[in-house]
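These notes concern the structure reproduced below.
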Amino acid sequence: MLKRLSASIREYKAPTIVTVVLIVFEVIFECIIPFMTASLVNRVKAGTTTKDILITGAILVLMAVLSLVCGGVAAVTSSKASTGFAKNLRHDMFSKIQTYSFENIDKFSSSSLVTRLTTDVSNVQMAYMMISRIAIRCPLMLTFAIFMAWKMGGSLAATFVFAVPVMAFGLILIAKTAMPAFKRVFKKYDKLNESIEENVRAMRVVKGFAREEYEKEKFGNAAEEICKDFTKADRIVAFNTPLMQLCLYFNMIFILIVGSKLTISSMGTELNIGQISAMLTYAMQTLMSLMMLSVVYVMVTIALEPAKRICEVLGEEPVILNPETPYLEVEDGSITFENVSLKYSKKAKKSALNDIDLHIESGMTVGIIGGTGSSKSSLVQLIPRLYDATEGVVKVGGIDVKDYDLNVLRDSVAMVLQKNLLFAGTIKENLRWGNENATDEEIIEACKLADAHEFVSSFEDGYDTFIEQGGTNVSGGQKQRLCIARALLKKPKILILDDSTSAVDTKTDAKIRAAFKSYIPDTTKIIIAQRISSVQDSDMIIVMDNGHISDVGTHDELLKKSEIYREVYVQQTEGGKDNE
């Protein structure tokens with residue numbers, strides 16, 4: 001885990017090392033100051049000169065300033081190192097997610113990935129900063145302070161033999177007791193983010209069913225669970241302060257009583273006032289170091305679970321990989337399924353697809369129809385390798401899709417998904433996802449073919465109109481037509497429309513399909529639809545039923561031989577028109 005996380009430090013190793021060096025010098029200066037102060041007190045008592053006092057005072061001021069400078073610069077370098085480390089960590093996680101196949105993504109919920117990229121990284125960042133500063137400073141300070149206290153106070157330093165183990169044991173016990181609560185919190189953060197994400201995406205549904213109060217209550221319960229766990233953990237951690245004060249005051253009282261008695265009885269020969277003063281300072285430094293170590297321990301405890309969750313993302317290996325010597329060109333849009341079966345997970349008991357045998361010639365228009373859950377989308381997702389077939393072979397252009405370079409294969413396939421998605425940005429920027437070098441003329445032509453030009457032109461800013469995140473400021477039909485235009489700009493070998501005209505009327509649907517024939521005649525067009533009218537002019541229609549191909553044929557052929565197709569046709573044409 002440490003090796004995987006440390007790989008994200010990269011260019012921030014230098015400020016990390018500088019921080020450690022500065023902290024070492026800060027500790028040295030802080031530990032020498034009490035020693036010199038005690039020496040000065042003894043010399044003043046013995047009757048030193050004013051010059052000696054001024055010189056020693058100047059040295060003490062200089063050392064204090066140097067300690068302050070070292071500490072201040074260390075704070076800057078550690079902040080730079082920790083924020084840079086967090087930036088790299090987020091970049092590495094995001095880049096890793098981009099390599100995932102759908103099967104990998106299915107293992108993590110989107111809310112969990114958001115939590116890992118935000119809250120989890122922030123906790124690891126904080127732990128990294130504390131480790132680079134406090135976790136280096138405190139052990140050094142503890143070691144130097146105890147050494148100097150022993151050197152200055154001799155047997156009086158035995159007080160640390162009692163105080164240090166008591167405090168160390170108490171702090172470890174506190175941190176271990178709080179640890180389970182911190183572990184629970186981060187899993188609950190996933191649920192909280194999931195509640196937020198789901199609510200924002202489904203805001204229209206929430207308002208349509210007047211379920212705002214229910215959503216508030218659900219969110220409140222998730223937030224309350226996190227609050228309870230954090231309160232419980234913080235209540236336990238709060239014992240740090242009284243424990244530290246107990247040990248600190250015990251040491252001070254012990255040093256003052258025993259030290260004063262020893263000084264008086266020995267007439268200052270075994271212990272003097274300066275040494276008592278230094279001992280009190282070293283006692284404070286020792287116990288404060290222990291207390292800060294406990295804070296680091298708690299912070300590392302909090303960050304341990306997020307670190308594991310981050311490493312799960314970084315360590316996840318993509319299921320779909322490029323072959324060693326991939327094909328770099330797709331010859332045509334022909335598609336072949338040879339005895340193909342698909343399971344979405346190795347643990348799945350039921351296959352999504354079974355025994356699929358199918359051949360589609362390049363340039364054909366193919367319709368796919370079937371009931372909900374008949375695996376229509378599963379079938380087409382195998383073509384660009386969004387999933388890999390569990391059994392059998394899928395070929396594009398006569399070549400097994402597993403033998404292609406992934407980018408080459410996916411660049412030759414355009415998909416307009418069932419859930420149309422537009423990104424925050426202008427209409428032009430969204431359309432250029434299909435072809436980043438598309439000219440304004442090509443964009444307008446694609447929009448005319450997708451029957452989108454008219455409504456885009458009606459906007460005040462036209463093609464420079466800003467689309468809100470998720471396309472919330474355009475209608476469902478407008479969103480679908482923009483997504484189709486985006487796919488057309490790609491001029492792919494294979495175009496897949498996954499129920500992508502469901503939000504447009506039959507007249508517009510027909511115009512879009514006619515545009516396909518004229519604009520991309522050599523492209524293989526696969527249309528998944530619920531309406532018979534959307535596929536009845538296809539060269540081939542595939543009827544899916546429960547993960548199997550039930551029948552294949554033209555519209556007229558299927559009316560004669562396919563009971564499923566005929567039943568759907570009769571239901572939709574009853575009354576002389578489609579039920580939309």
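Residue numbering restarts at 1 for every chain of the structure tokens, chains are lettered A, B, ... in their displayed order, and ligands are numbered from 1 as they appear.
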Just the residues within 12 Å of A:Val121, please, counting only C-alpha atoms, with nothing from its chain fewer than 4 positions along; format it as an mmCIF file with N, CA and C atoms, in the first residue's frame.
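Produced file around.cif, reproduced below:
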```cif
data_model
loop_
_atom_site.group_PDB
_atom_site.id
_atom_site.type_symbol
_atom_site.label_atom_id
_atom_site.label_comp_id
_atom_site.auth_asym_id
_atom_site.auth_seq_id
_atom_site.Cartn_x
_atom_site.Cartn_y
_atom_site.Cartn_z
ATOM 1 N N LEU A 5 1.081 4.172 -2.927
ATOM 2 C CA LEU A 5 0.777 5.575 -2.642
ATOM 3 C C LEU A 5 1.994 6.468 -2.880
ATOM 4 N N SER A 8 2.915 8.307 -6.152
ATOM 5 C CA SER A 8 2.254 9.551 -6.546
ATOM 6 C C SER A 8 2.967 10.792 -6.011
ATOM 7 N N SER A 82 2.315 18.101 0.381
ATOM 8 C CA SER A 82 1.079 17.343 0.626
ATOM 9 C C SER A 82 0.006 17.660 -0.409
ATOM 10 N N THR A 83 -0.148 18.946 -0.768
ATOM 11 C CA THR A 83 -1.148 19.297 -1.781
ATOM 12 C C THR A 83 -0.752 18.758 -3.154
ATOM 13 N N GLY A 84 0.551 18.778 -3.433
ATOM 14 C CA GLY A 84 1.029 18.210 -4.697
ATOM 15 C C GLY A 84 0.831 16.709 -4.749
ATOM 16 N N PHE A 85 1.082 16.057 -3.623
ATOM 17 C CA PHE A 85 0.864 14.611 -3.527
ATOM 18 C C PHE A 85 -0.614 14.283 -3.763
ATOM 19 N N ALA A 86 -1.510 15.075 -3.167
ATOM 20 C CA ALA A 86 -2.950 14.857 -3.345
ATOM 21 C C ALA A 86 -3.353 15.084 -4.800
ATOM 22 N N LYS A 87 -2.770 16.111 -5.428
ATOM 23 C CA LYS A 87 -3.068 16.383 -6.844
ATOM 24 C C LYS A 87 -2.671 15.188 -7.713
ATOM 25 N N ASN A 88 -1.457 14.687 -7.495
ATOM 26 C CA ASN A 88 -0.982 13.529 -8.261
ATOM 27 C C ASN A 88 -1.825 12.290 -7.995
ATOM 28 N N LEU A 89 -2.223 12.123 -6.739
ATOM 29 C CA LEU A 89 -3.016 10.953 -6.366
ATOM 30 C C LEU A 89 -4.367 10.984 -7.079
ATOM 31 N N ARG A 90 -5.000 12.143 -7.095
ATOM 32 C CA ARG A 90 -6.283 12.266 -7.803
ATOM 33 C C ARG A 90 -6.102 12.038 -9.305
ATOM 34 N N HIS A 91 -5.014 12.594 -9.841
ATOM 35 C CA HIS A 91 -4.735 12.408 -11.271
ATOM 36 C C HIS A 91 -4.529 10.927 -11.590
ATOM 37 N N ASP A 92 -3.760 10.239 -10.756
ATOM 38 C CA ASP A 92 -3.481 8.818 -10.985
ATOM 39 C C ASP A 92 -4.752 7.980 -10.877
ATOM 40 N N MET A 93 -5.603 8.315 -9.898
ATOM 41 C CA MET A 93 -6.859 7.577 -9.744
ATOM 42 C C MET A 93 -7.780 7.821 -10.939
ATOM 43 N N PHE A 94 -7.896 9.086 -11.333
ATOM 44 C CA PHE A 94 -8.780 9.417 -12.458
ATOM 45 C C PHE A 94 -8.278 8.755 -13.747
ATOM 46 N N LEU A 113 -16.707 6.136 -5.986
ATOM 47 C CA LEU A 113 -15.541 6.672 -6.694
ATOM 48 C C LEU A 113 -15.380 8.159 -6.418
ATOM 49 N N VAL A 114 -16.493 8.885 -6.339
ATOM 50 C CA VAL A 114 -16.430 10.322 -6.024
ATOM 51 C C VAL A 114 -15.869 10.528 -4.619
ATOM 52 N N THR A 115 -16.335 9.717 -3.659
ATOM 53 C CA THR A 115 -15.842 9.819 -2.277
ATOM 54 C C THR A 115 -14.345 9.535 -2.222
ATOM 55 N N ARG A 116 -13.905 8.534 -2.954
ATOM 56 C CA ARG A 116 -12.483 8.160 -2.946
ATOM 57 C C ARG A 116 -11.622 9.255 -3.564
ATOM 58 N N LEU A 117 -12.149 9.915 -4.585
ATOM 59 C CA LEU A 117 -11.385 10.978 -5.250
ATOM 60 C C LEU A 117 -11.377 12.283 -4.464
ATOM 61 N N GLN A 125 -4.087 13.141 2.316
ATOM 62 C CA GLN A 125 -3.259 14.347 2.190
ATOM 63 C C GLN A 125 -2.917 14.915 3.565
ATOM 64 N N MET A 126 -3.918 14.997 4.437
ATOM 65 C CA MET A 126 -3.691 15.522 5.786
ATOM 66 C C MET A 126 -2.718 14.634 6.556
ATOM 67 N N ALA A 127 -2.884 13.328 6.431
ATOM 68 C CA ALA A 127 -1.982 12.401 7.111
ATOM 69 C C ALA A 127 -0.561 12.554 6.590
ATOM 70 N N TYR A 128 -0.416 12.741 5.283
ATOM 71 C CA TYR A 128 0.920 12.895 4.679
ATOM 72 C C TYR A 128 1.606 14.156 5.209
ATOM 73 N N PHE A 186 -16.329 6.132 6.666
ATOM 74 C CA PHE A 186 -16.057 6.319 5.242
ATOM 75 C C PHE A 186 -16.960 5.479 4.358
ATOM 76 N N ILE A 302 -7.293 7.436 10.989
ATOM 77 C CA ILE A 302 -8.397 7.914 10.157
ATOM 78 C C ILE A 302 -8.081 7.703 8.680
ATOM 79 N N ALA A 303 -6.811 7.954 8.299
ATOM 80 C CA ALA A 303 -6.421 7.894 6.880
ATOM 81 C C ALA A 303 -6.171 6.476 6.389
ATOM 82 N N LEU A 304 -6.066 5.525 7.296
ATOM 83 C CA LEU A 304 -5.721 4.158 6.894
ATOM 84 C C LEU A 304 -6.803 3.545 6.009
ATOM 85 N N GLU A 305 -8.052 3.682 6.421
ATOM 86 C CA GLU A 305 -9.151 3.122 5.626
ATOM 87 C C GLU A 305 -9.270 3.822 4.271
ATOM 88 N N PRO A 306 -9.226 5.174 4.210
ATOM 89 C CA PRO A 306 -9.222 5.838 2.901
ATOM 90 C C PRO A 306 -8.051 5.397 2.021
ATOM 91 N N ALA A 307 -6.877 5.204 2.638
ATOM 92 C CA ALA A 307 -5.704 4.770 1.861
ATOM 93 C C ALA A 307 -5.951 3.407 1.220
ATOM 94 N N LYS A 308 -6.593 2.510 1.973
ATOM 95 C CA LYS A 308 -6.915 1.186 1.423
ATOM 96 C C LYS A 308 -7.908 1.314 0.276
ATOM 97 N N ARG A 309 -8.888 2.190 0.435
ATOM 98 C CA ARG A 309 -9.906 2.377 -0.606
ATOM 99 C C ARG A 309 -9.294 2.999 -1.862
ATOM 100 N N ILE A 310 -8.342 3.919 -1.678
ATOM 101 C CA ILE A 310 -7.643 4.517 -2.818
ATOM 102 C C ILE A 310 -6.827 3.460 -3.545
ATOM 103 N N CYS A 311 -6.141 2.624 -2.775
ATOM 104 C CA CYS A 311 -5.315 1.571 -3.375
ATOM 105 C C CYS A 311 -6.165 0.535 -4.113
ATOM 106 N N VAL A 313 -8.695 1.300 -5.927
ATOM 107 C CA VAL A 313 -8.902 1.910 -7.247
ATOM 108 C C VAL A 313 -7.629 1.819 -8.081
#
```
Inset, instruction - Skip A:Val41 itself and residues of its chain fewer than 6 positions away, then list as a list in words all residues within 12 Å of it, counting only C-alpha atoms. - result: Pro34, Phe35, Gly47, Thr48, Asp52, Ile53, Thr56, Gly57, Asn272, Ile273, Gly274, Gln275, Ile276, Ser277 and Ala278 of chain A
Legend entry - Polymer residues at most 12 Å from A:Val61, only C-alpha atoms, same-chain spacing of 5 or more positions, as a list of chain:residue names: A:Phe29, A:Glu30, A:Ile33, A:Met36, A:Thr37, A:Leu54, A:Ile55, A:Thr56, A:Leu66, A:Ser67, A:Leu68
Legend entry - Who sits within 6 Å of stretch 348-355 of chain A, only C-alpha atoms, same chain under 6 positions skipped, as a ChimeraX atom specification: /A:339-342,547-548
Inset, instruction - Please measure the separation of atom CA of A:Ile467 and atom CA of A:Ala424, giving the value in Å to one decimal. - result: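 Computing the Euclidean distance for atom CA of A:Ile467 and atom CA of A:Ala424 yields 5.4 Å.
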Inset, instruction - Determine which residues of stretch 335-536 of chain A receive a DSSP assignment of helix (DSSP H, G or I), computed from the backbone, and state them as a PyMOL selection string. - result: chain A and resi 376-381+401-403+406-411+427-431+440-449+453-458+462-464+469-471+476-489+506-519+532-534
